[in-house]
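Have a look at the structure below, then the notes.
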Amino acid sequence: MNKLTAAIPNPETVELKPNQNRQEFDKQTSSWKDTAKRWIKKFPFFHALDFYRRKAYDSPLFDGAPKSLAEALSDWPRVLLIDNTNSCNAKCVWCPNPDLENLGVMKMDIYKKIIDDFASKGGRIRFGTFGEPLLDKTFGEKIKYLSQYPSISGSEVLTNAYFLNQKVVPALLEHSVGVEVSLDELDKETFEDVKKMSYDVVRKNILDFLDANEQSRNPVPVNFRIKTLKTVEETENHEFYKLLAARRCTLELTPMDDNVLANWAGKFDKDAFLDEKVTNRVSTKFNYKRYNLSNTAPCVQLWKWIVVYWDGSVVLCCVDMFSTTVLGNLRDNSIEEIWRGSAFTALRRKMMERERFNIPICKNCDIHLSWHNLSEYYDKQGNLLPDKNFIS
C-alpha cells in the first residue's frame, strides 16, 4: 500500500466519529477518492500507461477473464433500464434526441406488466436514457408501484432537473429514488446556449431539491454530471459548483473533449462540434473514444442491463435511441424469453467471437466499452456491487 491509498479510509472497516453518520462519511471518502484520482492523472505518462493497459485487457488474450461473469448475467438482467418517455424538453446540441419522430410515453398497463415480470426475480430499476423521464405525468404513480416489491432492490432516475419540482420531489423522497442530474454547464450563458432551456429554473429546482433531501428522514443519493466546455479550474471556482460541493451529493466533473463526448453511433458529428465550441482544442493519440471505433472486444452493454423503449420494445443498448435493433417486445413476451432468447443469444455469441462490426449499430459507435468493465458493476456471482449508487 502506498502513501496515497493509505490516506484513503476503508468505508467497511472505519469507525465513525461521534455525531457522524454513514452518508456524511461516504461523501467525505468519495471526495478524497476523487481528489486522489485527479492527482494520479496528473502524473507524467499516466494517460499513455492507462491507454495501453486498457488495450491489453481488451485483447483476445484476456477474453477468458470476464466470461464466467458474463455467463451469470446472461441468465437474468440485474438492471432494468426503462425509457418511460423519449420526449425531452432540452435540446442539447450534442444529443440527437431532437431528430426523433416516434415519440411517446409508456402506458401504465404495459409498465405494470413489465414491473410485475421483473419483480419475479428482481434487481434494480433505472429510469431515463433517451428522453426526460420527469415529463411523464404518471411518473409519481409509476415509482409508487415499485414499493410493493421487496425484490426490487432500488431505483434511480436520470433527469435534466427542469421538472424536478414539488410535483415530483415528495414522491422521489418517499420512495427512495436516487437522483442523477445531467447538469453539464454551470455558467448561465453557456448552459442556455448548449442545452436550450432555462438555467434559472434548473438552478432553483436543484437547490430546492437538495434542501428537501437534506431535511428528509432518509435522504436519497444524488449525483451531478458536469460535462463542461470550461476548464476544471474555471468550473471548480464557479459559485454554483461551490454551492453543490458543500451539499449532500457527489459531482462528476469532466471537461468536454474527444474522450468525453460521444458520437451516438455515428448520429452526431462531434468533431465539428468540438472544433466550433472548444478553444485551442487538443487531440491526443491516447484517446479511448477513437480507439473504441476499432476495438473488437465484446461490449459491456449486452450483459449490463436490459433497455426498454417507451412502447415496451427491448432495444440493443442505451445508444439505440432510434430503436434500430429491436430484440422483442415486453407487451407480448416475458423478460426471460427475450433476455435468454435467440436474438440476444446470437448477438452475444457474435460479440464473443469478436464480430462486433457485423452488428450495424456497433459499426460507428465510440461509446463501446468492453465486457471487462462488467466488474465495475457486479461481483463474480453477478450481484450488483453494494457501493454503486448509480448504474450509469
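Going through the C-alpha cells in order, the chains are called A, B, and so on, while each chain numbers its residues from 1 and the ligands are numbered from 1 in the order shown.
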Report the closest atom pair, with its distance in Å rounded to one decimal, for each residue of range 63-129 of chain A that has an atom no farther than 9 Å from range 136-148 of chain A; count only C-alpha atoms, sort by chain and then rising residue number, and write it as JSON lines.
```
{"residue": "A:Asn84", "atom": "CA", "partner": "A:Asp136", "partner_atom": "CA", "distance": 7.2}
{"residue": "A:Thr85", "atom": "CA", "partner": "A:Asp136", "partner_atom": "CA", "distance": 6.5}
{"residue": "A:Ser87", "atom": "CA", "partner": "A:Asp136", "partner_atom": "CA", "distance": 8.9}
{"residue": "A:Val105", "atom": "CA", "partner": "A:Asp136", "partner_atom": "CA", "distance": 6.5}
{"residue": "A:Met106", "atom": "CA", "partner": "A:Asp136", "partner_atom": "CA", "distance": 8.3}
{"residue": "A:Lys107", "atom": "CA", "partner": "A:Thr138", "partner_atom": "CA", "distance": 8.9}
{"residue": "A:Met108", "atom": "CA", "partner": "A:Lys142", "partner_atom": "CA", "distance": 7.6}
{"residue": "A:Tyr111", "atom": "CA", "partner": "A:Lys142", "partner_atom": "CA", "distance": 7.7}
{"residue": "A:Lys112", "atom": "CA", "partner": "A:Tyr145", "partner_atom": "CA", "distance": 7.8}
{"residue": "A:Ile115", "atom": "CA", "partner": "A:Leu146", "partner_atom": "CA", "distance": 7.4}
{"residue": "A:Ala119", "atom": "CA", "partner": "A:Leu146", "partner_atom": "CA", "distance": 8.8}
```
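Residues in contact with range 377-379 of chain A at up to 8 Å, not including ones fewer than 4 positions away on its chain and judged by only C-alpha atoms, are A:Leu69, A:Asn373, A:Asn383, A:Leu384, A:Leu385, A:Lys388, A:Ile391.
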Interface rows for range 67-118 of chain A against range 188-197 of chain A: nearest pair, Å to one decimal, 12 Å, only C-alpha atoms, as CSV:
```
residue,atom,partner,partner_atom,distance
A:Cys88,CA,A:Met197,CA,10.7
A:Asn89,CA,A:Met197,CA,7.6
A:Ala90,CA,A:Lys195,CA,5.7
A:Lys91,CA,A:Lys195,CA,5.4
A:Cys92,CA,A:Lys195,CA,4.1
A:Val93,CA,A:Val194,CA,5.4
A:Trp94,CA,A:Val194,CA,8.0
A:Cys95,CA,A:Lys195,CA,9.5
A:Asn97,CA,A:Lys195,CA,11.9
A:Pro98,CA,A:Lys196,CA,11.4
```
Would you put the residues from that selection into a file with all heavy atoms, as a compact mmCIF listing (two decimals), in the first residue's frame?
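Ended up saving to selection.txt:
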```
# COMPACT_ATOMS: atom_id res chain seq x y z
N CYS A 88 -38.18 14.99 -24.78
CA CYS A 88 -37.27 15.77 -23.94
C CYS A 88 -37.49 17.26 -24.19
O CYS A 88 -37.60 17.69 -25.34
CB CYS A 88 -35.82 15.39 -24.22
SG CYS A 88 -34.66 16.12 -23.03
N ASN A 89 -37.56 18.02 -23.11
CA ASN A 89 -37.73 19.47 -23.22
C ASN A 89 -36.43 20.17 -23.58
O ASN A 89 -36.44 21.25 -24.19
CB ASN A 89 -38.26 20.04 -21.91
CG ASN A 89 -37.34 19.75 -20.74
OD1 ASN A 89 -37.08 18.58 -20.43
ND2 ASN A 89 -36.82 20.78 -20.09
N ALA A 90 -35.28 19.57 -23.21
CA ALA A 90 -33.99 20.16 -23.55
C ALA A 90 -33.62 19.82 -25.00
O ALA A 90 -34.09 18.82 -25.54
CB ALA A 90 -32.91 19.65 -22.61
N LYS A 91 -32.81 20.64 -25.58
CA LYS A 91 -32.34 20.41 -26.95
C LYS A 91 -30.82 20.53 -26.96
O LYS A 91 -30.23 21.38 -27.63
CB LYS A 91 -32.96 21.42 -27.92
CG LYS A 91 -34.49 21.45 -27.90
CD LYS A 91 -35.12 20.12 -28.29
CE LYS A 91 -36.64 20.15 -28.15
NZ LYS A 91 -37.24 18.80 -28.31
N CYS A 92 -30.20 19.66 -26.19
CA CYS A 92 -28.74 19.70 -26.06
C CYS A 92 -28.09 19.54 -27.44
O CYS A 92 -28.47 18.64 -28.20
CB CYS A 92 -28.25 18.60 -25.13
SG CYS A 92 -28.96 18.69 -23.46
N VAL A 93 -27.14 20.38 -27.72
CA VAL A 93 -26.60 20.43 -29.07
C VAL A 93 -25.77 19.20 -29.42
O VAL A 93 -25.45 18.98 -30.60
CB VAL A 93 -25.76 21.71 -29.28
CG1 VAL A 93 -26.63 22.94 -29.26
CG2 VAL A 93 -24.66 21.82 -28.22
N TRP A 94 -25.39 18.37 -28.42
CA TRP A 94 -24.63 17.16 -28.70
C TRP A 94 -25.51 15.91 -28.68
O TRP A 94 -25.01 14.79 -28.72
CB TRP A 94 -23.51 17.00 -27.67
CG TRP A 94 -24.00 17.03 -26.25
CD1 TRP A 94 -24.62 16.03 -25.57
CD2 TRP A 94 -23.92 18.14 -25.37
NE1 TRP A 94 -24.95 16.43 -24.31
CE2 TRP A 94 -24.52 17.73 -24.15
CE3 TRP A 94 -23.42 19.43 -25.46
CZ2 TRP A 94 -24.62 18.57 -23.05
CZ3 TRP A 94 -23.52 20.26 -24.38
CH2 TRP A 94 -24.11 19.84 -23.18
N CYS A 95 -26.82 16.08 -28.61
CA CYS A 95 -27.74 14.93 -28.49
C CYS A 95 -28.66 14.86 -29.71
O CYS A 95 -29.24 15.86 -30.13
CB CYS A 95 -28.57 15.08 -27.22
SG CYS A 95 -29.79 13.75 -27.00
N ASN A 97 -31.57 13.57 -29.88
CA ASN A 97 -32.97 13.44 -29.50
C ASN A 97 -33.92 14.33 -30.31
O ASN A 97 -35.02 13.88 -30.67
CB ASN A 97 -33.15 13.71 -28.00
CG ASN A 97 -34.59 13.64 -27.55
OD1 ASN A 97 -35.35 14.59 -27.70
ND2 ASN A 97 -34.99 12.50 -27.00
N PRO A 98 -33.55 15.59 -30.63
CA PRO A 98 -34.48 16.43 -31.40
C PRO A 98 -34.86 15.85 -32.77
O PRO A 98 -35.86 16.27 -33.36
CB PRO A 98 -33.71 17.75 -31.56
CG PRO A 98 -32.83 17.79 -30.36
CD PRO A 98 -32.40 16.36 -30.15
```
Pro298 in chain A surroundings by only C-alpha atoms, 12 Å radius, close-in-sequence under 2 positions cut, as an NGL selection string: :A and (57-60 or 62-64 or 66-67 or 70 or 292 or 294-296 or 300-304 or 347-357 or 359 or 362 or 368-374)
Of the listed residues A:Ser151, A:Thr228, A:Gly382, A:Asn287, that which approaches Leu274 in chain A most closely, counting only C-alpha atoms: A:Thr228
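Note that the spacing between CA of Trp264 in chain A and CA of Gly154 in chain A amounts to 28.0 Å.
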Exercise: range 203-211 of chain A partners within 10 Å, only C-alpha atoms, chain neighbours under 5 positions left out, as a ChimeraX atom specification: /A:160-166,169-170,173,179,181,183,186,188,198,216,219-220,222,224,240,243-244,247-249
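Distances to Ile361 in chain A were evaluated for A:Asn263, A:Ser375, A:Thr345, A:Thr325 using only C-alpha atoms, and the minimum falls at A:Thr325.
Counting only C-alpha atoms, the residue from A:Leu316, A:Leu327, A:Ile338, A:Met321 that sits nearest to Asp99 in chain A is A:Met321.
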Mind checking which residues fall within 9 Å of Asn389 in chain A, counting only C-alpha atoms, ignoring those fewer than 4 positions away in the same chain, and posting them as a PDB file with N, CA, C and O atoms, in the first residue's frame?
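Result file is selection20.pdb:
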```
ATOM      1  N   GLU A 156     -33.575   4.485  -9.523  1.00  0.00           N
ATOM      2  CA  GLU A 156     -32.882   5.750  -9.747  1.00  0.00           C
ATOM      3  C   GLU A 156     -33.417   6.403 -11.015  1.00  0.00           C
ATOM      4  O   GLU A 156     -33.991   5.723 -11.871  1.00  0.00           O
ATOM      5  N   GLY A 178     -33.055   7.326  -6.123  1.00  0.00           N
ATOM      6  CA  GLY A 178     -31.823   8.077  -6.316  1.00  0.00           C
ATOM      7  C   GLY A 178     -31.957   9.013  -7.509  1.00  0.00           C
ATOM      8  O   GLY A 178     -32.633   8.686  -8.489  1.00  0.00           O
ATOM      9  N   PRO A 221     -29.444   9.167  -2.517  1.00  0.00           N
ATOM     10  CA  PRO A 221     -28.188   9.542  -3.167  1.00  0.00           C
ATOM     11  C   PRO A 221     -28.450  10.492  -4.329  1.00  0.00           C
ATOM     12  O   PRO A 221     -29.441  10.350  -5.056  1.00  0.00           O
ATOM     13  N   VAL A 222     -27.580  11.465  -4.502  1.00  0.00           N
ATOM     14  CA  VAL A 222     -27.709  12.462  -5.562  1.00  0.00           C
ATOM     15  C   VAL A 222     -26.351  12.628  -6.239  1.00  0.00           C
ATOM     16  O   VAL A 222     -25.326  12.755  -5.552  1.00  0.00           O
ATOM     17  N   ASN A 223     -26.349  12.614  -7.554  1.00  0.00           N
ATOM     18  CA  ASN A 223     -25.109  12.810  -8.304  1.00  0.00           C
ATOM     19  C   ASN A 223     -25.344  13.814  -9.430  1.00  0.00           C
ATOM     20  O   ASN A 223     -26.394  13.814 -10.066  1.00  0.00           O
TER      21      ASN A 223
END
```
Backbone DSSP call of strand (DSSP E) for range 194-384 of chain A, listed as an NGL selection string: :A and (222-228 or 250-255 or 306-308 or 313-315 or 326-329)
Filtered DSSP result for range 64-236 of chain A, state alpha helix (DSSP H), as a ChimeraX atom specification: /A:67-73,108-119,139-146,169-174,188-195,199-215,232-236
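Residue nearest Gly312 in chain A within the list A:Phe51, A:Tyr199, A:Gly123, A:Gly104: A:Gly104 [criterion: smallest interatomic distance, only C-alpha atoms].
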